[in-house]
Structure formats: structure tokens, C-alpha cells
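Note: the block below is data_1.csv and it holds CSV, C-alpha atoms.
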chain,number,residue,atom,x,y,z
A,1,MET,CA,-171.7,-115.3,50.8
A,2,LYS,CA,-169.3,-117.1,53.1
A,3,HIS,CA,-171.3,-120.3,52.8
A,4,LEU,CA,-171.7,-119.9,49.1
A,5,ILE,CA,-167.9,-119.7,48.6
A,6,SER,CA,-167.5,-122.8,50.9
A,7,ILE,CA,-170.0,-124.7,48.8
A,8,LEU,CA,-168.3,-123.6,45.5
A,9,VAL,CA,-164.9,-124.6,46.8
A,10,LEU,CA,-166.2,-128.0,47.7
A,11,PHE,CA,-167.9,-128.4,44.4
A,12,LEU,CA,-164.9,-127.2,42.3
A,13,PHE,CA,-162.6,-129.3,44.4
A,14,PHE,CA,-164.5,-132.5,43.9
A,15,THR,CA,-165.0,-131.9,40.2
A,16,THR,CA,-161.6,-130.6,39.1
A,17,SER,CA,-158.9,-133.3,39.4
A,18,SER,CA,-155.9,-131.3,38.2
A,19,ILE,CA,-156.1,-128.4,40.6
A,20,ALA,CA,-154.5,-130.0,43.7
A,21,LEU,CA,-150.9,-129.0,44.2
A,22,THR,CA,-149.4,-131.2,46.8
A,23,PRO,CA,-150.3,-133.5,49.7
A,24,SER,CA,-150.6,-131.6,53.0
A,25,SER,CA,-152.0,-131.8,56.4
A,26,TYR,CA,-155.3,-131.4,54.8
A,27,ASN,CA,-154.7,-134.4,52.5
A,28,VAL,CA,-155.4,-132.3,49.4
A,29,ARG,CA,-154.1,-134.3,46.5
A,30,GLN,CA,-155.3,-135.8,43.3
A,31,GLY,CA,-157.6,-138.7,43.9
A,32,ASP,CA,-158.3,-137.8,47.5
A,33,GLN,CA,-159.4,-134.2,47.4
A,34,THR,CA,-160.8,-132.9,50.6
A,35,LEU,CA,-160.9,-129.5,52.3
A,36,PRO,CA,-161.4,-128.9,56.0
A,37,ALA,CA,-165.0,-128.6,57.0
A,38,VAL,CA,-164.3,-125.2,58.4
A,39,ILE,CA,-162.2,-122.6,56.6
A,40,ASP,CA,-160.4,-120.0,58.7
A,41,PRO,CA,-162.5,-116.8,58.5
A,42,LYS,CA,-159.3,-114.7,58.1
A,43,LEU,CA,-158.3,-116.7,55.0
A,44,GLN,CA,-161.9,-116.6,53.7
A,45,ARG,CA,-161.9,-112.7,54.0
A,46,ILE,CA,-158.5,-112.5,52.2
A,47,CYS,CA,-159.6,-114.8,49.4
A,48,ASP,CA,-163.0,-113.2,49.0
A,49,LYS,CA,-161.2,-109.9,48.1
A,50,THR,CA,-159.4,-111.6,45.2
A,51,ASP,CA,-160.6,-111.9,41.6
A,52,ASN,CA,-160.7,-115.7,42.0
A,53,PRO,CA,-161.6,-116.6,45.5
A,54,VAL,CA,-162.2,-120.3,45.0
A,55,GLU,CA,-158.8,-120.7,43.4
A,56,CYS,CA,-157.3,-118.7,46.2
A,57,LEU,CA,-158.7,-121.1,48.8
A,58,ILE,CA,-157.8,-124.2,46.8
A,59,THR,CA,-154.2,-123.2,46.3
A,60,THR,CA,-153.5,-121.8,49.7
A,61,ILE,CA,-155.1,-124.3,52.1
A,62,PRO,CA,-152.7,-127.2,51.3
A,63,PHE,CA,-149.8,-125.0,52.5
A,64,LEU,CA,-151.3,-123.7,55.7
A,65,ARG,CA,-149.7,-124.9,58.9
A,66,LYS,CA,-151.3,-124.7,62.3
A,67,LYS,CA,-149.0,-121.9,63.6
A,68,VAL,CA,-149.0,-119.7,60.4
A,69,ALA,CA,-150.4,-116.3,61.1
A,70,ILE,CA,-153.1,-115.7,58.4
A,71,ASN,CA,-152.6,-112.2,57.0
A,72,PRO,CA,-152.1,-110.9,53.5
A,73,VAL,CA,-148.3,-111.2,53.5
A,74,SER,CA,-148.3,-114.8,54.8
A,75,ILE,CA,-151.0,-115.7,52.2
A,76,LEU,CA,-149.0,-113.9,49.5
A,77,ASN,CA,-145.9,-116.0,50.5
A,78,ILE,CA,-148.0,-119.2,50.3
A,79,GLU,CA,-149.3,-118.2,46.9
A,80,VAL,CA,-145.8,-117.7,45.6
A,81,GLU,CA,-144.9,-121.2,46.8
A,82,ALA,CA,-148.1,-122.6,45.2
A,83,ILE,CA,-147.3,-120.8,41.9
A,84,ASP,CA,-143.8,-122.2,41.9
A,85,ILE,CA,-145.2,-125.8,42.3
A,86,LYS,CA,-147.9,-125.3,39.6
A,87,THR,CA,-145.3,-123.7,37.2
A,88,LYS,CA,-143.0,-126.6,37.6
A,89,GLU,CA,-146.0,-128.9,36.8
A,90,ALA,CA,-146.8,-126.8,33.7
A,91,LEU,CA,-143.1,-126.9,32.7
A,92,ASP,CA,-143.0,-130.6,33.1
A,93,LYS,CA,-146.2,-131.1,31.1
A,94,ALA,CA,-145.2,-128.8,28.3
A,95,SER,CA,-141.7,-130.4,28.1
A,96,LYS,CA,-143.2,-133.9,27.9
A,97,LEU,CA,-145.7,-132.9,25.3
A,98,LEU,CA,-143.0,-131.3,23.2
A,99,LEU,CA,-140.8,-134.5,23.4
A,100,SER,CA,-143.5,-137.1,23.1
A,101,SER,CA,-145.2,-136.0,19.9
A,102,SER,CA,-144.0,-135.3,16.4
A,103,ASN,CA,-145.1,-131.7,16.5
A,104,SER,CA,-145.1,-129.4,13.5
A,105,LYS,CA,-142.8,-126.4,13.6
A,106,PRO,CA,-145.6,-124.0,14.7
A,107,ILE,CA,-146.6,-126.2,17.6
A,108,THR,CA,-142.9,-126.7,18.6
A,109,ASN,CA,-142.5,-123.0,18.6
A,110,CYS,CA,-145.6,-122.6,20.9
A,111,PHE,CA,-144.2,-125.1,23.4
A,112,ASN,CA,-140.8,-123.4,23.3
A,113,ILE,CA,-142.4,-120.1,24.1
A,114,CYS,CA,-144.4,-121.6,27.0
A,115,ILE,CA,-141.3,-123.5,28.3
A,116,ASN,CA,-139.2,-120.3,28.2
A,117,ASN,CA,-142.0,-118.4,30.0
A,118,TYR,CA,-142.4,-121.0,32.7
A,119,LYS,CA,-138.6,-121.0,33.3
A,120,SER,CA,-138.7,-117.2,33.6
A,121,ILE,CA,-141.6,-117.4,36.1
A,122,LEU,CA,-139.6,-119.9,38.1
A,123,GLU,CA,-136.6,-117.6,38.0
A,124,SER,CA,-138.7,-114.7,39.3
A,125,LYS,CA,-139.6,-116.5,42.5
A,126,HIS,CA,-136.5,-115.3,44.4
A,127,ARG,CA,-137.0,-111.7,43.3
A,128,ILE,CA,-140.6,-111.9,44.4
A,129,LEU,CA,-139.7,-113.3,47.8
A,130,ASP,CA,-136.9,-110.8,48.2
A,131,ALA,CA,-139.4,-108.0,47.3
A,132,ILE,CA,-141.8,-109.3,50.0
A,133,SER,CA,-139.1,-109.5,52.6
A,134,ILE,CA,-137.8,-106.0,52.1
A,135,GLY,CA,-141.3,-104.5,51.5
A,136,ASP,CA,-140.6,-103.4,47.9
A,137,ASP,CA,-144.2,-103.3,46.6
A,138,LYS,CA,-143.1,-101.7,43.3
A,139,GLN,CA,-140.8,-104.6,42.5
A,140,LEU,CA,-143.4,-107.1,43.6
A,141,ARG,CA,-146.0,-105.6,41.2
A,142,VAL,CA,-143.5,-105.5,38.3
A,143,GLU,CA,-142.6,-109.2,38.8
A,144,LEU,CA,-146.2,-110.5,39.3
A,145,SER,CA,-147.5,-108.4,36.4
A,146,SER,CA,-144.7,-109.7,34.1
A,147,ASN,CA,-145.6,-113.3,35.2
A,148,VAL,CA,-149.3,-112.8,34.3
A,149,ASP,CA,-148.2,-111.6,30.8
A,150,LYS,CA,-146.0,-114.6,30.4
A,151,ILE,CA,-148.9,-117.0,31.0
A,152,TYR,CA,-151.1,-115.1,28.5
A,153,HIS,CA,-148.3,-115.0,25.9
A,154,CYS,CA,-148.0,-118.8,26.1
A,155,GLU,CA,-151.7,-119.2,25.4
A,156,ASP,CA,-151.6,-116.5,22.7
A,157,ALA,CA,-148.8,-118.4,20.9
A,158,PHE,CA,-151.2,-121.4,20.4
A,159,GLU,CA,-154.0,-119.1,19.4
A,160,GLU,CA,-151.9,-117.3,16.8
A,161,ALA,CA,-150.9,-120.7,15.4
A,162,ASN,CA,-154.5,-121.7,15.2
A,163,VAL,CA,-153.9,-124.7,17.4
A,164,LYS,CA,-155.9,-125.8,20.5
A,165,SER,CA,-153.6,-125.5,23.5
A,166,PRO,CA,-153.1,-128.8,25.4
A,167,ILE,CA,-152.1,-126.8,28.5
A,168,THR,CA,-154.9,-124.3,28.7
A,169,GLU,CA,-156.2,-125.7,32.0
A,170,VAL,CA,-152.9,-125.4,33.8
A,171,ASN,CA,-152.3,-121.9,32.3
A,172,SER,CA,-155.8,-120.8,33.4
A,173,LEU,CA,-155.1,-121.8,37.0
A,174,LEU,CA,-151.6,-120.3,36.9
A,175,GLY,CA,-153.0,-117.0,35.6
A,176,LYS,CA,-155.7,-116.9,38.3
A,177,MET,CA,-153.1,-117.7,41.0
A,178,ILE,CA,-150.7,-114.9,39.8
A,179,THR,CA,-153.6,-112.5,39.4
A,180,ASN,CA,-154.8,-113.3,43.0
A,181,SER,CA,-151.2,-112.6,44.2
A,182,LEU,CA,-151.2,-109.3,42.4
A,183,THR,CA,-154.6,-108.4,43.9
A,184,ILE,CA,-153.3,-109.3,47.4
A,185,THR,CA,-150.2,-107.2,46.7
A,186,ILE,CA,-152.1,-104.1,45.5
A,187,ASP,CA,-155.2,-104.2,47.7
A,188,MET,CA,-154.1,-105.8,50.9
A,189,VAL,CA,-150.4,-105.7,51.6
A,190,HIS,CA,-149.3,-102.5,53.1
A,191,PHE,CA,-145.5,-102.3,53.6
A,192,HIS,CA,-144.4,-99.8,56.2
A,193,ASN,CA,-141.4,-98.6,54.3
A,194,LYS,CA,-142.8,-98.2,50.7
A,195,ASN,CA,-140.2,-97.7,48.0

Translate the structure described by the file into C-alpha cells.
Amino acid sequence: MKHLISILVLFLFFTTSSIALTPSSYNVRQGDQTLPAVIDPKLQRICDKTDNPVECLITTIPFLRKKVAINPVSILNIEVEAIDIKTKEALDKASKLLLSSSNSKPITNCFNICINNYKSILESKHRILDAISIGDDKQLRVELSSNVDKIYHCEDAFEEANVKSPITEVNSLLGKMITNSLTITIDMVHFHNKN
């Protein structure tokens, strides 16, 4: 299974140009997408337990540093940073699409819903990081669950307007990233002083 995931990661990574988040020590970026030949077994085990293991690997590896302890809490923190970057990308894309085209009122409303939801997700980052730092798993679950809903509400707005969403790909990845963070929170993070 471990080798299958590695192969899937490499395949997905070389065939999907918009998934890369930022340049890193692994040189993971659009146009030069590479993963290390060997994936840390601890990271592999954490990502294998998520609903979207390939996306977990793709979105965490660019942020790993040599001296980072790989455990569920550190990977959760990394995912929160990755979600922040991808949400900013989605916000930028939706804002540009809204401004660059002469959209009908229903499409304009869809973009406005998405833009407001992206802003709300960005605003939740500090609450999420605070919840992690104080070990408040209830608040963490509330924030992450709410963010998953915001992504789906964005896509639902386009569906209800009978319009093909031009931001489905980024929303899909964001939804998977947030879902993975929620899975790590629920199934793997065990705070000592639960609230």
C-alpha cells in the first residue's frame, strides 16, 4: 500500500498543475513539480489515515523542514498553513474572475458568496491555531467543520444558479485539505487537557 500511495502521489503530482502551493526545499511548484524520492514513513502513516492521502502528502511536503517533528499536531499545523495559502489563491482567483468578466447577477452573487466564505476561512486561521495551541479540540472541530461547509456552500451557489463553477478545482482541493485536517483532529490528535 505504501508503494501504491507513493506512485499515486507522483502520478497526481505530475499530471495536476494547479495543486502545488509554494516553492520549498523540495522545489514543489508549478512547472517544476517534484517530490522527494523517499517520503518520511511517519508522514506516510498520518496521511494514509486521512480521507485523501494523496492530497495530504502533496499539501504537507512543501512545508516540511528538516527539524520538524512529524506527528499529528505538527502536520495539522502545516495543513492549516497550506489551507491558508490555497484559500488566498482561491480568493484571488474568484476576485479576478468577478472583476474581469461581465457576469450576470446570479454569477456575481455566486462569486460574492465564495469570496465571503474564503474571507471567513482566512479569518478562522487564528482561531484554529489558538485552539491547537491550547488543546481545545472542540473549538478546532467547530472551526474546521464550518470551513468545510463554506467550501461546499460556494460550490452549491453555482449549482443552484445552474452555472458551471470556474473554481471547482480549487474548491475540491480546499475541501479535501480541510477534511484531512478534520480527520487528523478527530482521529489522531489527542490533547492532554481536553475541554

**OP:** To one decimal in Å, tell me the separation between atom CA of A:Phe191 and atom CA of A:Gly135.
**Re:** 5.2 Å

Original post:
atom CA of A:Phe158 and atom CA of A:Ile115, how far apart in Å?
Top reply: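 According to the coordinates, atom CA of A:Ile115 and atom CA of A:Phe158 are separated by 12.8 Å.
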
**OP:** Show which residues sit within 8 Å of A:Pro72, as a list in words. Count all atoms listed in the file, and ignore same-chain residues fewer than 4 positions away.
**Re:** Ile46, Leu76, Ile184, Thr185, Met188 and Val189 of chain A

Subject >> Atom-to-atom span, atom CA of A:Ile186 and atom CA of A:Val142, Å >> reply: 11.3 Å

Subject >> Spatial neighbours of stretch 118-131 of chain A, 10 Å, only C-alpha atoms, chain gap at least 4 places, as a PyMOL selection string >> reply: chain A and resi 76-77+80-81+83-92+94+112-114+135-144+146-148+150-151+154+171

**OP:** Give the answer as one residue: which of A:Lys49, A:Leu64, A:Ile167, A:Thr179 has the shortest atom-to-atom distance to A:Leu97, using all atoms listed in the file?
**Re:**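 Closest to A:Leu97 of all the choices is A:Ile167.
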
Original post:
Which residue out of A:Asn162, A:Thr50, A:Asn117, A:Ser101 has the minimum interatomic distance to A:Asp149 when all atoms listed in the file are used?
Top reply: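 For A:Asp149, the nearest of the given residues is A:Asn117.
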
Subject >> Which of A:Ala161, A:Ile78, A:Leu182, A:Val73 sits closest to A:Asp51 [using all atoms listed in the file] >> reply: A:Leu182

Step by step: start from the point (-147.2, -120.4, 20.5) in the file's coordinates, keep every protein, DNA or RNA residue that has an atom no farther than 9 Å from it, count only C-alpha atoms, and write the set as a tab-separated table (two decimals) with C-alpha atoms, in the frame of the given file.
chain	number	residue	atom	x	y	z
A	106	PRO	CA	-145.60	-124.00	14.70
A	107	ILE	CA	-146.60	-126.20	17.60
A	108	THR	CA	-142.90	-126.70	18.60
A	109	ASN	CA	-142.50	-123.00	18.60
A	110	CYS	CA	-145.60	-122.60	20.90
A	111	PHE	CA	-144.20	-125.10	23.40
A	112	ASN	CA	-140.80	-123.40	23.30
A	113	ILE	CA	-142.40	-120.10	24.10
A	114	CYS	CA	-144.40	-121.60	27.00
A	153	HIS	CA	-148.30	-115.00	25.90
A	154	CYS	CA	-148.00	-118.80	26.10
A	155	GLU	CA	-151.70	-119.20	25.40
A	156	ASP	CA	-151.60	-116.50	22.70
A	157	ALA	CA	-148.80	-118.40	20.90
A	158	PHE	CA	-151.20	-121.40	20.40
A	159	GLU	CA	-154.00	-119.10	19.40
A	160	GLU	CA	-151.90	-117.30	16.80
A	161	ALA	CA	-150.90	-120.70	15.40
A	163	VAL	CA	-153.90	-124.70	17.40
A	165	SER	CA	-153.60	-125.50	23.50

Original post:
Looking at only C-alpha atoms, which of A:Asp187, A:Ile178, A:Ile58, A:Ile75 is the one that sits closest to A:Lys42?
Top reply: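 The answer is A:Ile75, which sits nearest to A:Lys42.
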
**OP:** Choose the residue, out of A:Cys56, A:Leu43, A:Ser100, A:Val38, that has the smallest atom-to-atom separation from A:Thr183; count only C-alpha atoms.
**Re:**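 Closest residue, counting only C-alpha atoms: A:Cys56.
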